[in-house]
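Q: Sharing coords.cif, mmCIF, C-alpha atoms and all ligand atoms:
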data_structure
loop_
_atom_site.label_atom_id
_atom_site.label_comp_id
_atom_site.auth_asym_id
_atom_site.auth_seq_id
_atom_site.Cartn_x
_atom_site.Cartn_y
_atom_site.Cartn_z
CA MET A 31 -42.70 -23.78 -38.00
CA ILE A 32 -42.01 -23.00 -34.36
CA GLU A 33 -38.87 -24.65 -33.03
CA LEU A 34 -39.07 -25.57 -29.37
CA ILE A 35 -36.04 -26.17 -27.20
CA LYS A 36 -35.91 -28.26 -24.03
CA THR A 37 -35.50 -26.12 -20.93
CA GLY A 38 -33.40 -28.51 -18.85
CA ILE A 39 -35.95 -28.17 -16.05
CA SER A 40 -37.72 -31.44 -15.47
CA GLY A 41 -41.48 -31.16 -15.97
CA LEU A 42 -41.44 -27.64 -17.39
CA ASP A 43 -41.28 -28.76 -21.01
CA GLN A 44 -44.52 -30.72 -20.58
CA ILE A 45 -46.29 -27.63 -19.25
CA LEU A 46 -44.88 -25.64 -22.17
CA LYS A 47 -46.16 -28.38 -24.49
CA GLY A 48 -42.74 -29.21 -25.82
CA GLY A 49 -40.40 -26.52 -24.53
CA LEU A 50 -39.49 -22.88 -25.01
CA ARG A 51 -39.59 -21.22 -28.37
CA ARG A 52 -36.06 -20.90 -29.67
CA ASN A 53 -34.84 -17.32 -29.49
CA SER A 54 -37.59 -16.19 -27.10
CA THR A 55 -37.18 -14.03 -24.00
CA ILE A 56 -38.49 -15.33 -20.68
CA LEU A 57 -38.82 -13.72 -17.27
CA VAL A 58 -38.79 -16.06 -14.27
CA THR A 59 -40.04 -14.20 -11.24
CA GLY A 60 -40.73 -15.06 -7.62
CA ALA A 61 -40.16 -14.43 -3.94
CA PRO A 62 -36.81 -15.16 -2.23
CA GLY A 63 -35.90 -18.82 -2.02
CA THR A 64 -38.47 -20.06 -4.52
CA GLY A 65 -35.92 -21.69 -6.86
CA LYS A 66 -35.19 -18.96 -9.40
CA THR A 67 -31.41 -19.30 -9.30
CA ILE A 68 -31.55 -23.10 -9.44
CA MET A 69 -33.80 -22.80 -12.49
CA ALA A 70 -31.35 -20.47 -14.25
CA LEU A 71 -28.45 -22.80 -13.39
CA GLN A 72 -30.29 -25.79 -14.87
CA PHE A 73 -31.34 -23.90 -17.99
CA ILE A 74 -27.70 -23.12 -18.73
CA TYR A 75 -26.09 -26.33 -17.46
CA TYR A 76 -28.39 -28.91 -19.04
CA GLY A 77 -28.75 -26.73 -22.11
CA ALA A 78 -25.05 -27.25 -22.73
CA LYS A 79 -24.68 -30.73 -21.30
CA LYS A 80 -27.74 -32.49 -22.69
CA TYR A 81 -28.81 -30.38 -25.63
CA ASN A 82 -25.47 -29.14 -26.87
CA GLU A 83 -26.46 -25.47 -26.59
CA ASN A 84 -23.60 -23.41 -25.20
CA GLY A 85 -24.55 -20.86 -22.58
CA ILE A 86 -23.60 -17.77 -20.63
CA LEU A 87 -24.81 -17.17 -17.09
CA ILE A 88 -24.50 -13.64 -15.77
CA ALA A 89 -24.56 -13.46 -11.98
CA THR A 90 -25.05 -10.17 -10.23
CA GLU A 91 -25.59 -11.24 -6.64
CA GLU A 92 -23.46 -14.33 -6.10
CA ASN A 93 -19.77 -14.75 -6.80
CA LEU A 94 -18.75 -17.43 -9.25
CA SER A 95 -17.15 -19.89 -6.88
CA ASP A 96 -20.28 -19.81 -4.69
CA LEU A 97 -22.33 -20.40 -7.79
CA ARG A 98 -20.19 -23.36 -8.91
CA ASN A 99 -20.50 -24.89 -5.45
CA TYR A 100 -24.21 -24.25 -5.46
CA GLY A 101 -24.51 -26.10 -8.76
CA LYS A 102 -22.49 -28.98 -7.34
CA ASN A 103 -25.15 -29.47 -4.62
CA PHE A 104 -27.56 -30.36 -7.38
CA GLY A 105 -25.19 -32.55 -9.38
CA MET A 106 -24.08 -29.92 -11.90
CA ASN A 107 -20.36 -29.72 -12.66
CA PHE A 108 -19.97 -26.21 -14.04
CA LYS A 109 -16.19 -26.26 -13.88
CA ASP A 110 -16.06 -29.16 -16.29
CA MET A 111 -18.38 -27.44 -18.78
CA GLU A 112 -16.40 -24.22 -18.47
CA LYS A 113 -13.19 -26.08 -19.22
CA LYS A 114 -14.80 -27.49 -22.34
CA GLY A 115 -15.71 -23.96 -23.44
CA LYS A 116 -19.42 -24.75 -23.40
CA ILE A 117 -20.45 -22.57 -20.46
CA PHE A 118 -19.26 -19.12 -19.48
CA LEU A 119 -20.01 -17.71 -16.06
CA VAL A 120 -19.83 -13.94 -15.83
CA GLU A 121 -19.80 -12.04 -12.56
CA LYS A 122 -19.48 -8.48 -11.51
CA PRO A 123 -20.94 -7.00 -14.66
CA LEU A 124 -20.19 -3.82 -12.77
CA THR A 125 -16.61 -4.07 -13.91
CA MET A 126 -16.87 -6.42 -16.82
CA LEU A 127 -19.54 -4.47 -18.60
CA LYS A 128 -18.49 -1.03 -17.44
CA GLY A 129 -19.37 1.53 -20.04
CA GLY A 130 -22.54 -0.29 -20.99
CA ILE A 131 -22.91 -0.66 -24.74
CA SER A 132 -19.24 -1.03 -25.69
CA SER A 133 -18.70 -3.95 -23.34
CA ILE A 134 -22.05 -5.51 -24.11
CA LYS A 135 -20.42 -5.70 -27.51
CA GLY A 136 -17.78 -7.89 -25.85
CA MET A 137 -20.53 -10.20 -24.79
CA LEU A 138 -22.02 -10.25 -28.27
CA ASP A 139 -18.59 -11.17 -29.65
CA LEU A 140 -18.38 -14.03 -27.17
CA ILE A 141 -21.84 -15.22 -28.25
CA LYS A 142 -20.70 -15.32 -31.85
CA LYS A 143 -17.28 -16.81 -31.26
CA LYS A 144 -18.41 -19.55 -28.91
CA ASN A 145 -21.67 -20.36 -30.64
CA ILE A 146 -23.72 -19.40 -27.57
CA LYS A 147 -27.39 -20.36 -27.75
CA ARG A 148 -28.62 -19.55 -24.22
CA VAL A 149 -28.08 -16.61 -21.93
CA ALA A 150 -29.41 -16.42 -18.37
CA LEU A 151 -29.31 -13.29 -16.26
CA ASP A 152 -29.62 -13.62 -12.49
CA SER A 153 -31.01 -11.06 -11.93
CA ILE A 154 -32.60 -8.06 -13.60
CA ILE A 155 -30.87 -5.95 -10.92
CA PHE A 156 -28.00 -6.13 -13.45
CA PHE A 157 -29.56 -3.23 -15.33
CA GLU A 158 -29.70 -1.14 -12.20
CA TYR A 159 -25.95 -1.59 -11.84
CA LEU A 160 -25.43 -0.69 -15.46
CA TYR A 161 -27.73 2.30 -15.38
CA PRO A 162 -27.81 3.34 -11.75
CA LYS A 163 -29.63 6.55 -12.35
CA HIS A 164 -32.74 4.81 -13.57
CA ASN A 165 -35.07 3.18 -11.15
CA ASN A 166 -36.98 0.02 -11.90
CA SER A 167 -40.13 1.81 -12.90
CA SER A 168 -38.79 4.41 -15.29
CA MET A 169 -39.32 4.36 -19.01
CA GLU A 170 -35.57 4.59 -19.57
CA PHE A 171 -35.04 1.45 -17.55
CA ARG A 172 -37.64 -0.31 -19.64
CA ARG A 173 -35.95 0.97 -22.78
CA GLU A 174 -32.54 -0.30 -21.67
CA VAL A 175 -33.96 -3.74 -20.88
CA LEU A 176 -35.71 -3.79 -24.25
CA LEU A 177 -32.54 -2.79 -26.07
CA PHE A 178 -30.56 -5.52 -24.35
CA MET A 179 -33.29 -8.02 -25.10
CA GLN A 180 -33.32 -7.08 -28.76
CA LYS A 181 -29.56 -7.57 -28.90
CA MET A 182 -29.94 -11.04 -27.42
CA LYS A 183 -32.66 -11.88 -29.93
CA ARG A 184 -30.64 -10.61 -32.84
CA ALA A 185 -27.70 -12.67 -31.62
CA GLY A 186 -29.96 -15.71 -31.87
CA VAL A 187 -29.97 -16.76 -28.21
CA THR A 188 -32.83 -17.83 -25.97
CA PHE A 189 -32.76 -15.41 -23.08
CA MET A 190 -33.91 -16.10 -19.51
CA THR A 191 -33.96 -13.36 -16.90
CA ILE A 192 -34.69 -13.67 -13.19
CA SER A 193 -36.53 -11.03 -11.20
CA GLU A 194 -37.56 -10.73 -7.59
CA ARG A 195 -40.98 -9.73 -6.43
CA ARG A 196 -42.64 -9.14 -3.10
CA ILE A 197 -46.20 -10.21 -3.77
CA THR A 198 -46.39 -13.67 -5.27
CA ASP A 199 -49.74 -14.73 -3.87
CA LEU A 200 -51.36 -15.96 -7.07
CA ASP A 201 -54.72 -14.46 -6.11
CA ARG A 202 -53.30 -11.03 -5.37
CA LEU A 203 -50.65 -10.84 -8.02
CA GLU A 204 -49.77 -7.35 -9.17
CA TYR A 205 -48.13 -7.11 -12.52
CA GLU A 206 -44.97 -5.12 -12.86
CA MET A 207 -43.69 -3.31 -15.89
CA MET A 208 -41.11 -5.98 -16.68
CA ASP A 209 -43.84 -8.62 -16.89
CA PHE A 210 -45.03 -6.98 -20.08
CA VAL A 211 -41.62 -6.54 -21.67
CA PHE A 212 -40.66 -10.21 -21.90
CA GLU A 213 -42.38 -12.67 -24.23
CA GLY A 214 -42.76 -15.25 -21.51
CA LEU A 215 -43.56 -14.98 -17.82
CA ILE A 216 -43.11 -17.83 -15.33
CA ILE A 217 -44.02 -17.33 -11.68
CA LEU A 218 -42.59 -19.30 -8.77
CA SER A 219 -44.58 -18.98 -5.60
CA ARG A 220 -45.53 -20.59 -2.32
CA VAL A 221 -48.98 -21.49 -1.13
CA ARG A 222 -49.64 -21.75 2.58
CA LYS A 223 -51.68 -24.55 4.04
CA GLY A 224 -51.79 -24.31 7.81
CA SER A 225 -48.21 -24.26 9.01
CA TYR A 226 -46.91 -25.69 5.76
CA PHE A 227 -45.81 -23.96 2.57
CA GLU A 228 -45.98 -25.70 -0.76
CA ARG A 229 -43.86 -24.59 -3.71
CA VAL A 230 -45.78 -23.95 -6.92
CA LEU A 231 -45.16 -22.76 -10.47
CA THR A 232 -47.41 -21.26 -13.08
CA VAL A 233 -46.77 -20.11 -16.64
CA GLU A 234 -48.53 -16.74 -16.93
CA LYS A 235 -47.85 -16.17 -20.59
CA ILE A 236 -45.72 -17.15 -23.54
CA ARG A 237 -46.43 -15.00 -26.56
CA GLY A 238 -47.29 -16.99 -29.63
CA GLN A 239 -47.24 -20.32 -27.88
CA ASP A 240 -49.80 -22.71 -26.49
CA HIS A 241 -49.15 -23.73 -22.88
CA SER A 242 -50.91 -24.91 -19.76
CA LEU A 243 -52.34 -22.24 -17.42
CA ASP A 244 -52.57 -24.53 -14.41
CA VAL A 245 -50.68 -24.22 -11.15
CA TYR A 246 -48.21 -27.05 -10.51
CA PRO A 247 -46.35 -28.24 -7.44
CA VAL A 248 -42.56 -27.80 -7.48
CA ALA A 249 -39.95 -29.95 -5.74
CA ILE A 250 -36.37 -28.96 -4.92
CA ASP A 251 -33.98 -31.68 -3.82
CA LYS A 252 -30.44 -32.87 -4.50
CA SER A 253 -31.20 -33.32 -8.18
CA GLY A 254 -32.37 -29.72 -8.50
CA ILE A 255 -35.75 -28.21 -9.25
CA ARG A 256 -38.55 -30.30 -10.76
CA ILE A 257 -42.04 -29.30 -11.80
CA LEU A 258 -44.54 -32.02 -10.96
CA HIS A 259 -46.43 -31.58 -14.21
CA ASP A 260 -48.82 -34.47 -13.60
CA GLN A 261 -49.93 -33.33 -10.15
CA ILE A 262 -52.16 -30.65 -8.61
CA PRO A 263 -50.94 -28.67 -5.60
CA PHE A 264 -52.72 -30.26 -2.65
CA SER A 265 -52.80 -26.91 -0.86
CA LEU A 266 -54.93 -25.44 -3.63
CA VAL A 267 -57.23 -28.45 -3.90
CA GLU A 268 -58.09 -28.17 -0.23
CA LYS A 269 -58.64 -24.41 -0.54
CA GLU A 270 -61.22 -25.00 -3.26
CA GLU A 271 -62.94 -27.63 -1.12
CA GLU A 272 -63.14 -25.18 1.78
CA LYS A 273 -64.66 -22.55 -0.51
CA GLN A 274 -67.28 -24.97 -1.74
CA GLY A 275 -68.23 -25.93 1.78
CA PHE A 276 -66.94 -29.49 1.69
CA LYS A 277 -65.13 -28.93 4.99
N1 LIG A 301 -29.69 -29.07 -1.37
C1 LIG A 301 -30.95 -28.65 -1.30
N2 LIG A 301 -31.95 -29.52 -1.10
C2 LIG A 301 -33.23 -29.13 -1.02
N3 LIG A 301 -33.62 -27.85 -1.13
C3 LIG A 301 -32.68 -26.93 -1.30
C4 LIG A 301 -31.31 -27.27 -1.42
N4 LIG A 301 -30.59 -26.15 -1.62
C5 LIG A 301 -31.51 -25.14 -1.65
N5 LIG A 301 -32.75 -25.60 -1.45
C6 LIG A 301 -33.99 -24.81 -1.43
O1 LIG A 301 -33.92 -23.92 -2.53
C7 LIG A 301 -34.10 -22.59 -2.08
C8 LIG A 301 -33.21 -21.64 -2.82
O2 LIG A 301 -33.42 -21.73 -4.20
P1 LIG A 301 -32.82 -20.58 -5.11
O3 LIG A 301 -31.43 -20.26 -4.72
O4 LIG A 301 -33.04 -20.95 -6.52
O5 LIG A 301 -33.78 -19.38 -4.69
P2 LIG A 301 -33.98 -17.96 -5.37
O6 LIG A 301 -35.40 -17.93 -5.81
O7 LIG A 301 -32.93 -17.71 -6.36
O8 LIG A 301 -33.82 -17.01 -4.10
P3 LIG A 301 -33.23 -15.50 -4.02
O9 LIG A 301 -34.32 -14.61 -4.53
O10 LIG A 301 -32.99 -15.33 -2.59
O11 LIG A 301 -31.99 -15.46 -4.86
C9 LIG A 301 -33.71 -22.59 -0.64
O12 LIG A 301 -34.40 -21.57 0.05
C10 LIG A 301 -34.09 -23.97 -0.19
O13 LIG A 301 -35.43 -23.97 0.22
MG MG A 302 -31.32 -16.39 -6.41
#
Write out the structure in this file as structure tokens.

A:
Amino acid sequence: MIELIKTGISGLDQILKGGLRRNSTILVTGAPGTGKTIMALQFIYYGAKKYNENGILIATEENLSDLRNYGKNFGMNFKDMEKKGKIFLVEKPLTMLKGGISSIKGMLDLIKKKNIKRVALDSIIFFEYLYPKHNNSSMEFRREVLLFMQKMKRAGVTFMTISERRITDLDRLEYEMMDFVFEGLIILSRVRKGSYFERVLTVEKIRGQDHSLDVYPVAIDKSGIRILHDQIPFSLVEKEEEKQGFK
């Protein structure tokens, strides 16, 4: 039987018809400022806080004190969870994981010792630091990501990775190599309606799992990111009406 875990992101579990498959690998991708980091923070924070699943968050772009403060804006007290040994924030993988494999072993040890169940990586740029000679499109890069992913799976964690992309217009979406590597793909985007942008989310795929294919509005406020799973983006509704000549 498939075991589903709650994501910690309000509304997302309904779209996923219960949650994420335990031990799966998910890529969350989107343009700048669409809520990717907040989503990763919530996945790790509420995973530990509400669902008793210890987590590691690897940050490549932000330093840890910025990240803790960022979490605080949305009511997440990372420091407290770190003190309790339930969450581990890792920065500068450049130095921490220097040497690649041998220090990834350090991370695997931590996973075992601290009973880690979730790992989030913000962002996939991490691999470019680790293997600078590969560029994002090479087969070696893909192989390294796959190897890392397999290690996470074998270690029994559910693994979320963030990636950036330039084109997120849902009608003109171009798939990138990484989209195929992960078992799940969630896209955060913006839809323009006149002078207004609406945040939206869609689940492109989750291998071996039934989920909704609809596009949903997303809200970000002081309680974090929420997927409005019982609503339709008004920007898209009006677009359809225009197409059908109702306007
Ligand atoms: N306190 C807040 N209240 C409401 N909205 C906020 C708040 N803080 C941030 N935001 C919104 O969230 C967005 C940033 O979300 P997040 O950091 O998750 O983006 P991101 O997708 O990780 O971006 P990047 O690719 O640049 O890292 C901001 O651009 C802003 O619109
Ligand atoms: Mg970010």

Q: Env of Val187 of chain A: 8 Å cut, atoms = only C-alpha atoms, seq-sep filter 3 positions within chain, self excluded. Answer as a ChimeraX atom specification.

A: /A:52-54,146-149,182-184

Q: Can those selected residues be exported to a file as a tab-separated table (two decimals), in the coordinates of the input so that it contains C-alpha atoms?

A:
chain	number	residue	atom	x	y	z
A	52	ARG	CA	-36.06	-20.90	-29.67
A	53	ASN	CA	-34.84	-17.32	-29.49
A	54	SER	CA	-37.59	-16.19	-27.10
A	146	ILE	CA	-23.72	-19.40	-27.57
A	147	LYS	CA	-27.39	-20.36	-27.75
A	148	ARG	CA	-28.62	-19.55	-24.22
A	149	VAL	CA	-28.08	-16.61	-21.93
A	182	MET	CA	-29.94	-11.04	-27.42
A	183	LYS	CA	-32.66	-11.88	-29.93
A	184	ARG	CA	-30.64	-10.61	-32.84

Q: Skip Lys143 of chain A itself and residues of its chain fewer than 5 positions away, then list as a ChimeraX atom specification all residues within 12 Å of it, counting all atoms listed in the file.

A: /A:84,115-116,136-138,185

Q: Using only C-alpha atoms and all ligand atoms for the distances, tell me which of A:Val248, A:Leu50, A:Met208, A:Leu119 is nearest to ligand LIG 301 (chain A).

A: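 Using only C-alpha atoms and all ligand atoms, ligand LIG 301 (chain A) sits closest to A:Val248.
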
Q: Report, in Å with one decimal, the straight-line distance from atom CA of Ile86 of chain A to atom CA of Phe118 of chain A.

A: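 We find that atom CA of Ile86 of chain A and atom CA of Phe118 of chain A lie 4.7 Å from each other.
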
Q: Please produce, as CSV, a per-residue contact table for chain A versus ligand LIG 301 (chain A) (criterion: any atom at most 8 Å away, only C-alpha atoms and all ligand atoms considered), showing the nearest atom pair and its distance in Å to one decimal, sorted by chain then residue number.

A:
residue,atom,partner,partner_atom,distance
A:Gly60,CA,A:LIG301,O6,6.3
A:Ala61,CA,A:LIG301,O9,5.9
A:Pro62,CA,A:LIG301,O9,3.4
A:Gly63,CA,A:LIG301,O8,3.5
A:Thr64,CA,A:LIG301,O6,4.0
A:Gly65,CA,A:LIG301,O4,3.0
A:Lys66,CA,A:LIG301,O6,3.7
A:Thr67,CA,A:LIG301,O4,3.6
A:Ile68,CA,A:LIG301,O4,3.9
A:Met69,CA,A:LIG301,O4,6.3
A:Ala70,CA,A:LIG301,O4,7.9
A:Glu91,CA,A:LIG301,O11,7.9
A:Tyr100,CA,A:LIG301,N4,7.7
A:Asn103,CA,A:LIG301,N1,5.6
A:Phe104,CA,A:LIG301,N1,6.5
A:Ser193,CA,A:LIG301,O9,7.9
A:Glu194,CA,A:LIG301,O9,5.9
A:Leu218,CA,A:LIG301,O6,7.9
A:Ile250,CA,A:LIG301,N3,4.8
A:Asp251,CA,A:LIG301,C2,3.9
A:Lys252,CA,A:LIG301,N1,5.0
A:Gly254,CA,A:LIG301,N2,7.4

Q: Kindly give the distance, in Å, that separates atom CA of Gly48 of chain A and atom CA of Lys79 of chain A, rounded to a single decimal.

A: 18.7 Å

Q: Between A:Lys114, A:Arg220, A:Arg195, A:Arg237, which is the closest to ligand MG 302 (chain A) once you count only C-alpha atoms and all ligand atoms?

A: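 Using only C-alpha atoms and all ligand atoms, ligand MG 302 (chain A) sits closest to A:Arg195.
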